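Shown next: query-v3.cif, containing mmCIF, C-alpha atoms.
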```cif
data_work
#
loop_
_atom_site.label_atom_id
_atom_site.label_comp_id
_atom_site.auth_asym_id
_atom_site.auth_seq_id
_atom_site.Cartn_x
_atom_site.Cartn_y
_atom_site.Cartn_z
CA ALA A 294 -34.49 -59.60 -19.39
CA VAL A 295 -34.11 -55.81 -19.35
CA TYR A 296 -31.16 -56.15 -16.97
CA GLN A 297 -29.32 -58.23 -19.59
CA ILE A 298 -29.87 -55.61 -22.31
CA VAL A 299 -29.02 -52.53 -20.22
CA PRO A 300 -25.76 -53.13 -18.29
CA LEU A 301 -26.65 -51.04 -15.24
CA ASN A 302 -24.00 -52.79 -13.15
CA GLU A 303 -21.25 -51.54 -15.49
CA VAL A 304 -21.89 -47.83 -14.92
CA GLU A 305 -19.12 -46.31 -12.79
CA SER A 306 -20.90 -43.11 -11.80
CA TYR A 307 -24.51 -42.27 -12.51
CA THR A 308 -23.79 -38.67 -11.50
CA ARG A 309 -21.10 -38.34 -14.19
CA GLU A 310 -23.33 -40.01 -16.78
CA LEU A 311 -26.22 -37.66 -15.96
CA SER A 312 -23.90 -34.64 -16.00
CA GLY A 313 -22.47 -35.61 -19.39
CA MET A 314 -25.93 -36.24 -20.81
CA LEU A 315 -27.24 -32.86 -19.70
CA GLY A 316 -24.10 -31.09 -20.92
CA ASP A 317 -24.43 -32.66 -24.37
CA LEU A 318 -28.15 -31.97 -24.61
CA GLY A 319 -27.68 -28.43 -23.31
CA LEU A 320 -25.91 -27.50 -26.52
CA TYR A 321 -27.30 -30.05 -28.98
CA ILE A 322 -30.99 -29.27 -28.45
CA PRO A 323 -30.65 -25.47 -28.92
CA LEU A 324 -28.60 -26.05 -32.08
CA VAL A 325 -31.17 -28.46 -33.49
CA ILE A 326 -34.06 -26.15 -32.60
CA SER A 327 -32.24 -23.24 -34.27
CA LEU A 328 -31.75 -25.31 -37.42
CA SER A 329 -35.43 -26.23 -37.32
CA LEU A 330 -36.53 -22.60 -36.89
CA THR A 331 -34.41 -21.53 -39.86
CA GLY A 332 -35.98 -24.30 -41.96
CA GLN A 333 -32.73 -26.18 -42.49
CA ILE A 334 -33.95 -29.45 -40.91
CA ASP A 335 -37.18 -31.13 -39.84
CA LEU A 336 -37.24 -31.29 -36.03
CA GLY A 337 -39.32 -34.44 -35.56
CA PRO A 338 -37.31 -36.86 -37.70
CA THR A 339 -34.05 -35.34 -36.47
CA LEU A 340 -34.90 -35.96 -32.81
CA ILE A 341 -36.34 -39.42 -33.50
CA PHE A 342 -33.31 -40.64 -35.44
CA SER A 343 -30.83 -38.98 -33.07
CA GLY A 344 -32.50 -40.72 -30.15
CA LEU A 345 -32.68 -44.09 -31.90
CA SER A 346 -29.04 -43.93 -32.96
CA ASN A 347 -27.95 -43.07 -29.42
CA ILE A 348 -29.98 -45.96 -27.99
CA ILE A 349 -28.63 -48.42 -30.56
CA THR A 350 -25.00 -47.37 -30.12
CA GLY A 351 -25.37 -47.33 -26.34
CA LEU A 352 -26.75 -50.87 -26.28
CA SER A 353 -24.29 -52.12 -28.90
CA PHE A 354 -21.13 -50.72 -27.35
CA LYS A 355 -22.35 -50.55 -23.73
CA VAL A 356 -21.20 -46.94 -23.46
CA PRO A 357 -23.16 -43.79 -24.15
CA MET A 358 -22.13 -42.07 -27.36
CA CYS A 359 -21.38 -38.40 -27.06
CA VAL A 360 -23.10 -36.11 -29.48
CA GLN A 361 -19.98 -34.10 -30.34
CA PRO A 362 -20.10 -35.02 -34.05
CA MET A 363 -23.79 -34.10 -34.23
CA LYS A 364 -23.18 -30.80 -32.41
CA SER A 365 -20.35 -29.97 -34.78
CA ILE A 366 -22.45 -30.70 -37.86
CA ALA A 367 -25.34 -28.65 -36.43
CA ALA A 368 -23.05 -25.72 -35.62
CA VAL A 369 -21.48 -25.71 -39.10
CA ALA A 370 -24.91 -26.07 -40.71
CA LEU A 371 -26.23 -23.10 -38.77
CA ALA A 372 -23.15 -20.93 -39.25
CA ASP A 373 -22.78 -21.65 -42.97
CA LYS A 374 -26.51 -21.96 -43.77
CA LEU A 375 -26.17 -25.48 -45.18
CA THR A 376 -29.09 -27.05 -47.03
CA HIS A 377 -30.97 -30.12 -45.86
CA PRO A 378 -29.11 -32.46 -48.29
CA GLN A 379 -25.74 -31.00 -47.23
CA ILE A 380 -26.56 -31.59 -43.55
CA MET A 381 -27.64 -35.17 -44.31
CA ALA A 382 -24.47 -35.82 -46.33
CA GLY A 383 -22.35 -34.44 -43.47
CA GLY A 384 -24.07 -36.75 -41.00
CA ILE A 385 -23.75 -39.80 -43.23
CA CYS A 386 -20.06 -39.14 -43.96
CA THR A 387 -19.26 -38.45 -40.31
CA GLY A 388 -21.13 -41.57 -39.22
CA GLY A 389 -19.26 -43.67 -41.77
CA ILE A 390 -15.89 -42.32 -40.69
CA VAL A 391 -16.63 -42.83 -36.99
CA MET A 392 -17.92 -46.35 -37.68
CA ALA A 393 -14.83 -47.25 -39.74
CA LEU A 394 -12.44 -45.84 -37.13
CA GLY A 395 -14.28 -47.64 -34.35
CA ALA A 396 -14.53 -50.97 -36.18
CA THR A 397 -10.82 -50.99 -37.05
CA ASN A 398 -9.64 -49.54 -33.71
CA LEU A 399 -7.82 -46.82 -35.65
CA ILE A 400 -9.34 -44.09 -33.51
CA GLY A 401 -6.34 -44.26 -31.17
CA VAL A 402 -3.93 -43.87 -34.10
CA VAL A 403 -5.82 -40.86 -35.45
CA ASN A 404 -6.02 -39.38 -31.95
CA ALA A 405 -2.25 -39.73 -31.52
CA MET A 406 -1.56 -38.14 -34.95
CA ILE A 407 -3.64 -34.99 -34.40
CA PRO A 408 -2.19 -32.54 -31.85
CA ASN A 409 -4.55 -31.12 -29.23
CA SER A 410 -3.74 -27.62 -30.48
CA VAL A 411 -5.33 -28.47 -33.85
CA VAL A 412 -8.46 -29.82 -32.16
CA ARG A 413 -8.69 -26.73 -29.91
CA GLY A 414 -8.20 -24.44 -32.92
CA LEU A 415 -11.04 -26.14 -34.79
CA GLN A 416 -13.26 -25.87 -31.71
CA LEU A 417 -12.44 -22.18 -31.33
CA GLY A 418 -13.08 -21.44 -35.00
CA LEU A 419 -16.40 -23.27 -34.94
CA GLY A 420 -17.40 -21.50 -31.73
CA LEU A 421 -16.59 -18.08 -33.18
CA SER A 422 -18.52 -18.87 -36.37
CA LEU A 423 -21.51 -19.94 -34.31
CA PHE A 424 -21.24 -16.79 -32.19
CA ARG A 425 -21.17 -14.62 -35.32
CA THR A 426 -24.27 -16.36 -36.65
CA ALA A 427 -26.05 -16.04 -33.30
CA VAL A 428 -25.41 -12.30 -33.21
CA THR A 429 -26.98 -11.87 -36.66
CA MET A 430 -30.05 -13.82 -35.46
CA LEU A 431 -30.72 -11.45 -32.56
CA PRO A 432 -33.84 -9.30 -32.85
CA GLY A 433 -32.96 -5.98 -34.47
CA ALA A 434 -29.62 -7.19 -35.83
CA SER A 435 -28.81 -6.32 -39.43
CA LYS A 436 -28.65 -9.41 -41.59
#
```

Could you render the structure from this file as structure tokens?
Amino acid sequence: AVYQIVPLNEVESYTRELSGMLGDLGLYIPLVISLSLTGQIDLGPTLIFSGLSNIITGLSFKVPMCVQPMKSIAAVALADKLTHPQIMAGGICTGGIVMALGATNLIGVVNAMIPNSVVRGLQLGLGLSLFRTAVTMLPGASK
């Protein structure tokens, strides 16, 4: 019965899956813990619902879902000191957009329309904002 739910025979490389999982968690967990320490989110519900959503999407689509959108929301929330409602709204909106793009198969169209240079620029800007915030959080740093 479990074998029918979890398609273990469809996994190409367990090593790659494990590597991707650890890479995602290696950034996601510190971001979420930082948001929790600054009082911007509640850690327990965040981890529970993140885990449940990953399990549900993994079983539904038979592929693990990366946590890139969640990492991006967490990084922006930390860098810009977003409030709890703003973080929730960002997650709901992002989830709705990803669901709509996935359900309509428009993700390929959007991917083709946006140049890689734009994506890399956004990643760089977000990374620099997060770095700036991290430096201000160091012990002895002026706020």

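Distances from A:Leu399, A:Met363, A:Leu352, A:Met430 to Thr331 (chain A) were compared using all atoms listed in the file, and the smallest one belongs to A:Met430.
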
ask   = What separation in Å, quoted to one decimal, exists between CA of Leu318 (chain A) and CA of Thr429 (chain A)?
value = 23.5 Å

inquiry  = Given all atoms listed in the file as the basis, pick out the residue of A:Ile390, A:Ile322, A:Leu421, A:Leu330 nearest to Ser343 (chain A).
reply    =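 Selected residue with least distance to Ser343 (chain A): A:Ile322.
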
request  = Can you pull out every residue within 10 Å of Gly383 (chain A), counting all atoms listed in the file, but drop anything in the same chain fewer than 5 positions away, and send it as a list in words?
outcome  =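 Once the nearby chain positions are removed, what remains is Pro362, Met363, Ser365, Ile366, Ala367, Val369, Ala370, Leu375, His377, Pro378, Gly388 and Gly389 of chain A.
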
task = Compare A:Val391, A:Leu423, A:Leu431, A:Ala405 by their minimum atom-to-atom distance to Gln361 (chain A), counting only C-alpha atoms, and give me the closest one.
result =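 So, comparing all the options, the nearest one is A:Val391.
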
ask   = Which distance in Å separates CA of Pro338 (chain A) and CA of Pro432 (chain A), to one decimal?
value =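 So the two atoms, CA of Pro338 (chain A) and CA of Pro432 (chain A), lie 28.2 Å apart.
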
request  = Please work out which residues fall within 9 Å of (-24.2, -21.9, -37.8), coordinates as given in the file, with all atoms listed in the file counting, and return them as an MDAnalysis selection string.
outcome  = chainID A and resid 324 327:328 366:375 419 422:427

Would you output that residue set with C-alpha atoms, as a PDB file, keeping the file's coordinate frame?
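Result file out18.pdb:
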```pdb
ATOM      1  CA  LEU A 324     -28.600 -26.050 -32.080  1.00  0.00           C
ATOM      2  CA  SER A 327     -32.240 -23.240 -34.270  1.00  0.00           C
ATOM      3  CA  LEU A 328     -31.750 -25.310 -37.420  1.00  0.00           C
ATOM      4  CA  ILE A 366     -22.450 -30.700 -37.860  1.00  0.00           C
ATOM      5  CA  ALA A 367     -25.340 -28.650 -36.430  1.00  0.00           C
ATOM      6  CA  ALA A 368     -23.050 -25.720 -35.620  1.00  0.00           C
ATOM      7  CA  VAL A 369     -21.480 -25.710 -39.100  1.00  0.00           C
ATOM      8  CA  ALA A 370     -24.910 -26.070 -40.710  1.00  0.00           C
ATOM      9  CA  LEU A 371     -26.230 -23.100 -38.770  1.00  0.00           C
ATOM     10  CA  ALA A 372     -23.150 -20.930 -39.250  1.00  0.00           C
ATOM     11  CA  ASP A 373     -22.780 -21.650 -42.970  1.00  0.00           C
ATOM     12  CA  LYS A 374     -26.510 -21.960 -43.770  1.00  0.00           C
ATOM     13  CA  LEU A 375     -26.170 -25.480 -45.180  1.00  0.00           C
ATOM     14  CA  LEU A 419     -16.400 -23.270 -34.940  1.00  0.00           C
ATOM     15  CA  SER A 422     -18.520 -18.870 -36.370  1.00  0.00           C
ATOM     16  CA  LEU A 423     -21.510 -19.940 -34.310  1.00  0.00           C
ATOM     17  CA  PHE A 424     -21.240 -16.790 -32.190  1.00  0.00           C
ATOM     18  CA  ARG A 425     -21.170 -14.620 -35.320  1.00  0.00           C
ATOM     19  CA  THR A 426     -24.270 -16.360 -36.650  1.00  0.00           C
ATOM     20  CA  ALA A 427     -26.050 -16.040 -33.300  1.00  0.00           C
TER      21      ALA A 427
END
```

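Residue nearest Ser346 (chain A), chosen from A:Gly384, A:Ser329, A:Gly418, A:Leu394 and counting only C-alpha atoms: A:Gly384.
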
ask   = Interatomic distance between CA of Leu320 (chain A) and CA of Leu336 (chain A)?
value =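 Taking CA of Leu320 (chain A) and CA of Leu336 (chain A), their separation equals 15.3 Å.
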
Selected residue, from A:Asn404, A:Gly395, A:Met381, A:Val428, that lies nearest to Phe342 (chain A) when counting all atoms listed in the file = A:Met381

inquiry  = Here is a test: counting all atoms listed in the file, which residue of A:Arg413, A:Tyr321, A:Ala393, A:Ile400 is nearest to Gly344 (chain A)?
reply    =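 Closest to Gly344 (chain A), using all atoms listed in the file: A:Tyr321.
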